[in-house]
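Student: Input file: upload_12.txt. Contents: compact mmCIF, C-alpha atoms.
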# COMPACT_ATOMS: atom_id res chain seq x y z
CA MET Q 98 200.30 25.95 16.42
CA SER Q 99 202.68 27.37 13.83
CA LYS Q 100 205.95 29.04 14.79
CA LYS Q 101 204.56 32.36 13.63
CA ALA Q 102 201.43 32.03 15.81
CA ALA Q 103 203.53 30.97 18.80
CA ALA Q 104 205.75 34.03 18.36
CA ALA Q 105 202.71 36.33 18.15
CA ALA Q 106 201.04 34.92 21.28
CA PRO Q 107 202.02 36.80 24.43
CA SER Q 108 204.00 34.64 26.81
CA GLN Q 109 202.35 34.05 30.13
CA ARG Q 110 204.57 34.77 33.07
CA VAL Q 111 204.74 31.89 35.55
CA ILE Q 112 204.96 32.63 39.24
CA LYS Q 113 205.54 29.74 41.61
CA LYS Q 114 204.20 29.79 45.14
CA TYR Q 115 206.27 27.83 47.63
CA PRO Q 116 205.05 26.26 50.91
CA ASN Q 117 206.75 29.10 52.81
CA ARG Q 118 204.26 31.44 51.01
CA ARG Q 119 207.01 33.06 48.96
CA LEU Q 120 206.31 33.88 45.33
CA TYR Q 121 209.00 33.17 42.75
CA ASP Q 122 208.90 34.86 39.33
CA THR Q 123 210.35 32.41 36.81
CA ASP Q 124 210.85 35.20 34.24
CA THR Q 125 213.15 37.26 36.46
CA SER Q 126 214.45 34.31 38.52
CA SER Q 127 213.72 36.18 41.73
CA TYR Q 128 211.29 36.25 44.61
CA ILE Q 129 208.56 38.86 44.36
CA THR Q 130 206.03 40.38 46.73
CA LEU Q 131 202.27 40.48 46.51
CA ALA Q 132 202.62 44.20 45.72
CA GLU Q 133 204.70 43.28 42.68
CA VAL Q 134 202.06 40.78 41.58
CA LYS Q 135 199.50 43.58 41.94
CA GLN Q 136 201.71 45.72 39.67
CA LEU Q 137 201.62 42.93 37.04
CA VAL Q 138 197.81 43.14 37.19
CA MET Q 139 197.92 46.94 36.91
CA ASP Q 140 200.24 46.64 33.89
CA SER Q 141 197.93 44.04 32.28
CA GLU Q 142 200.77 41.51 32.22
CA PRO Q 143 199.49 37.97 31.61
CA PHE Q 144 200.59 35.64 34.40
CA VAL Q 145 199.65 32.49 36.23
CA VAL Q 146 200.49 31.54 39.80
CA ARG Q 147 201.21 27.84 40.30
CA ASP Q 148 201.86 25.79 43.42
CA ALA Q 149 205.55 24.85 43.27
CA LYS Q 150 204.90 21.24 44.37
CA THR Q 151 201.55 20.30 42.80
CA ASN Q 152 201.49 22.74 39.86
CA GLU Q 153 197.91 23.64 40.88
CA ASP Q 154 196.71 26.98 39.49
CA LEU Q 155 196.54 29.45 42.41
CA THR Q 156 195.96 32.61 40.36
CA ARG Q 157 192.41 33.24 41.65
CA SER Q 158 193.56 32.76 45.23
CA ILE Q 159 196.36 35.32 44.80
CA LEU Q 160 194.02 37.81 43.08
CA LEU Q 161 191.54 37.43 45.95
CA GLN Q 162 194.39 38.00 48.41
CA ILE Q 163 195.27 41.26 46.60
CA ILE Q 164 191.61 42.35 46.77
CA LEU Q 165 191.51 41.50 50.48
CA GLU Q 166 194.58 43.63 51.15
CA GLU Q 167 193.16 46.50 49.11
CA GLU Q 168 189.83 46.30 50.95
CA ALA Q 169 191.63 46.33 54.32
CA GLY Q 170 193.90 49.17 53.24
CA GLY Q 171 191.72 52.14 54.12
CA ALA Q 172 189.62 52.95 51.05
CA PRO Q 173 187.44 49.89 50.45
CA MET Q 174 185.48 49.53 47.23
CA PHE Q 175 182.76 47.30 48.70
CA SER Q 176 180.49 48.11 51.62
CA GLU Q 177 179.74 45.44 54.22
CA ALA Q 178 176.22 45.20 52.78
CA ALA Q 179 177.57 44.60 49.26
CA LEU Q 180 179.97 41.92 50.51
CA ALA Q 181 177.17 40.23 52.48
CA ASN Q 182 174.95 40.22 49.39
CA ILE Q 183 177.72 38.70 47.28
CA ILE Q 184 178.26 35.98 49.90
CA ARG Q 185 174.53 35.19 49.86
CA PHE Q 186 174.74 34.28 46.16
CA TYR Q 187 177.23 31.45 46.82
CA GLY Q 188 175.34 28.17 46.64
CA HIS Q 189 172.22 29.95 45.37
CA ALA Q 190 170.66 28.91 42.08
CA ALA Q 191 171.53 32.34 40.63
CA GLN Q 192 175.26 32.12 41.51
CA GLY Q 193 176.35 31.54 37.90
CA PHE Q 194 174.13 34.32 36.61
CA MET Q 195 175.36 36.78 39.23
CA GLY Q 196 179.01 36.06 38.43
CA ALA Q 197 178.42 36.67 34.72
CA TYR Q 198 176.32 39.76 35.48
CA LEU Q 199 179.01 41.30 37.68
CA GLU Q 200 181.77 40.42 35.22
CA LYS Q 201 179.96 42.02 32.29
CA ASN Q 202 179.15 45.13 34.31
CA VAL Q 203 182.75 45.54 35.45
CA GLN Q 204 183.91 45.10 31.83
CA ALA Q 205 181.37 47.67 30.58
CA PHE Q 206 182.50 50.12 33.26
CA THR Q 207 186.16 49.47 32.35
CA ASP Q 208 185.38 50.13 28.67
CA ILE Q 209 183.69 53.44 29.57
CA GLN Q 210 186.67 54.42 31.74
CA ALA Q 211 189.08 53.64 28.86
CA ARG Q 212 187.02 55.77 26.45
CA LEU Q 213 186.98 58.64 28.93
CA ALA Q 214 190.74 58.37 29.43
CA GLU Q 215 191.34 58.40 25.68
CA GLN Q 216 189.10 61.42 25.16
CA SER Q 217 190.54 63.27 28.15
CA LYS Q 218 193.99 63.49 26.53
CA GLN Q 219 192.72 66.40 24.44
CA ILE Q 220 190.81 68.16 27.21
CA THR Q 221 192.01 71.20 29.18
CA PRO Q 222 191.34 71.35 32.95
CA GLU Q 223 188.46 73.76 32.32
CA MET Q 224 186.96 71.48 29.69
CA TRP Q 225 187.46 68.51 32.04
CA ALA Q 226 185.46 70.24 34.81
CA GLN Q 227 182.67 70.92 32.34
CA PHE Q 228 182.91 67.38 30.97
CA MET Q 229 182.47 65.82 34.42
CA ASN Q 230 179.25 67.75 34.94
CA MET Q 231 176.44 65.20 34.59
CA GLN Q 232 174.57 67.67 32.36
CA ASN Q 233 177.15 66.97 29.68
CA PRO Q 234 175.44 65.03 26.85
CA LEU Q 235 178.53 62.90 26.21
CA MET Q 236 178.73 61.84 29.87
CA GLN Q 237 175.00 61.15 29.92
CA GLY Q 238 175.37 59.09 26.75
CA LEU Q 239 178.21 57.00 28.17
CA MET Q 240 176.48 56.39 31.49
CA GLY Q 241 173.15 55.82 29.76
CA SER Q 242 174.80 53.19 27.59
CA TYR Q 243 176.26 51.50 30.67
CA VAL Q 244 172.92 51.55 32.50
CA GLU Q 245 171.14 50.19 29.41
CA GLN Q 246 173.68 47.35 29.04
CA SER Q 247 173.25 46.51 32.72
CA ARG Q 248 169.46 46.51 32.43
CA THR Q 249 169.57 44.31 29.32
CA MET Q 250 171.89 41.81 30.99
CA PHE Q 251 169.63 41.66 34.04
CA GLU Q 252 166.55 41.09 31.88
CA LYS Q 253 168.32 38.26 30.03
CA MET Q 254 169.29 36.73 33.36
CA GLN Q 255 165.66 36.88 34.51
CA GLU Q 256 164.47 35.27 31.26
CA GLN Q 257 167.00 32.44 31.62
CA MET Q 258 165.97 31.83 35.21
CA GLN Q 259 162.30 31.75 34.21
CA LYS Q 260 162.99 29.26 31.39
CA GLN Q 261 164.97 27.02 33.73
CA THR Q 262 162.19 27.14 36.31
CA GLU Q 263 159.61 26.24 33.65
CA GLN Q 264 161.79 23.36 32.46
CA MET Q 265 162.26 22.07 36.00
CA LEU Q 266 158.53 22.31 36.73
CA GLY Q 267 157.75 20.66 33.40
CA ALA Q 268 160.10 17.79 34.19
CA PHE Q 269 158.61 17.48 37.67
CA MET Q 270 155.05 17.61 36.40
CA GLY Q 271 155.84 15.12 33.64
CA LYS Q 272 156.95 12.53 36.20
CA ARG Q 273 153.59 12.53 37.98
CA PRO Q 274 151.37 9.45 37.32
The structure given in the file should be rewritten as structure tokens.

Tutor:
Amino acid sequence: MSKKAAAAAPSQRVIKKYPNRRLYDTDTSSYITLAEVKQLVMDSEPFVVRDAKTNEDLTRSILLQIILEEEAGGAPMFSEAALANIIRFYGHAAQGFMGAYLEKNVQAFTDIQARLAEQSKQITPEMWAQFMNMQNPLMQGLMGSYVEQSRTMFEKMQEQMQKQTEQMLGAFMGKRP
């Protein structure tokens, strides 16, 4: 990588997790709390959490811990039924598809939210109330686009599963005498 490319790439903040469960921010040379790590996420700061002894990447574990605290904090995002359904996909043949499906849907929803936020900067409170009405063509267009993307992703997932099933059956049938 050239010096210019290295300078342009955002530096990834390294947070070390010690055996005593404390988190140490190497950028600020200070211990930080899980709430401060959450703020890094909210600020879209790139970071990685590493085990101080083994250097193992613990970022996912810390992000899941933040989600757990948020879910336990009074206004959960997921119902018990939704969590149970997510758990059921672990170890299932469709686990990889479901992860990709959820990730793409969350990204599509985030994109819609960003567009709404950008457009809302020019809207008065009265216009905002009218805008949030589902009869609004712009809102219907945004949500329709999201629903259409979700439907298309689901159909692609079904097609991939069908192709894999056909390939597996073909391989199985081909091995018969």

Student: For a quick check of understanding, using all atoms listed in the file, which of Q:Lys260, Q:Ala190, Q:Tyr198, Q:Glu215 has the smallest distance to Ser247 of chain Q?

Tutor: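 So, comparing all the options, the nearest one is Q:Tyr198.
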
Student: List the spatial neighbours of Lys201 of chain Q as number ranges by chain - criterion: any atom at most 9 Å away, only C-alpha atoms, same-chain residues fewer than 3 positions off excluded.

Tutor: Q: 196-198, 204-206, 246-247, 250

Student: Just how far from atom CA of Lys114 of chain Q is atom CA of Ser126 of chain Q, in Å to one decimal?

Tutor: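 Result for atom CA of Ser126 of chain Q versus atom CA of Lys114 of chain Q: 13.0 Å, one decimal.
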
Student: Could you tell me how far atom CA of Asn202 of chain Q lies from atom CA of Gly188 of chain Q, in Å and to one decimal?

Tutor: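 Atom-to-atom, atom CA of Asn202 of chain Q and atom CA of Gly188 of chain Q are spaced 21.3 Å apart.
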